[in-house]
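First up is the structure itself, then whatever we jot down about it.
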Amino acid sequence: MENAEESGGLSGAPVRDKSTLVISQLSQRLQGALPIIGVGGILTGADAVEKIAVGASLVQVYSGLIYKGPQLVRDICKSLG
Ligand SMILES: Cc1cc2nc3c(=O)[nH]c(=O)nc-3n(C[C@H](O)[C@H](O)[C@H](O)COP(=O)(O)O)c2cc1C
């Protein structure tokens with residue numbers, strides 16, 4: 001995987017697609033038995049929509065909040081609204 005040789009943990013955009021894939025796979029297996037928190041690389045409202053679309057019940061942000069600030073929460077709410 002790209003960035004695999006970096007020291008420390010990865011977050012933000014590099015983990016977005018991988019995270020979406022894992023959420024999708026979990027959602028198919030769980031069939032609603034447990035809620036899924038979608039996290040990893042959500043930097044825009046569209047990213048949050050994508051996580052919900054593949055089966056997340058809610059989303060969590062960390063890196064996006066650092067780079068975009070509280071406006072990101074507004075963008076996500078608008079996009080999900
Ligand atoms: C600086 C930093 C500290 C973190 N600390 C924790 C932690 O203490 N516990 C935890 O479960 N996840 C922690 N995380 C992981 C985040 O909650 C999140 O799962 C991960 O960063 C991927 O989401 P993101 O792309 O929105 O950052 C941390 C992430 C960062 C960047």
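By convention in this document, the chains of the structure tokens carry letters A, B, ... by their order, each chain's residues are numbered from 1, and ligands are numbered from 1 in the order they are shown.
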Name the residues of chain A that fall into strand (DSSP E) according to DSSP on the backbone, using the chain letters and numbers of this document, as a PyMOL selection string.
chain A and resi 37-39+58-60
Neighbouring residues of ligand 1 are defined here as those with any atom at most 12 Å from a ligand atom, counting only C-alpha atoms and all ligand atoms; list them as number ranges by chain.
A: 8-20, 37-44, 47-48, 51, 59-68, 72-73
Between atom CA of Glu50 of chain A and atom CA of Ser24 of chain A, distance in Å (one decimal):
10.1 Å
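Atom CA of Gln28 of chain A is found 29.3 Å from atom CA of Arg74 of chain A.
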Compile the contact shell of Gly45 of chain A as a PyMOL selection string: residues with an atom at most 8 Å away, counting only C-alpha atoms, same-chain residues fewer than 6 positions apart removed.
chain A and resi 72+75-80
Taking only C-alpha atoms into account, which of A:Ile36, A:Ala4, A:Leu30, A:Leu21 comes nearest Leu58 of chain A?
A:Ile36
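Reported to one decimal place, the separation of atom CA of Gly81 of chain A from atom CA of Gly55 of chain A is 16.5 Å.
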DSSP says alpha helix (DSSP H) for which residues of chain A? Put them as a ChimeraX atom specification?
/A:16-30,45-53,63-68,71-80
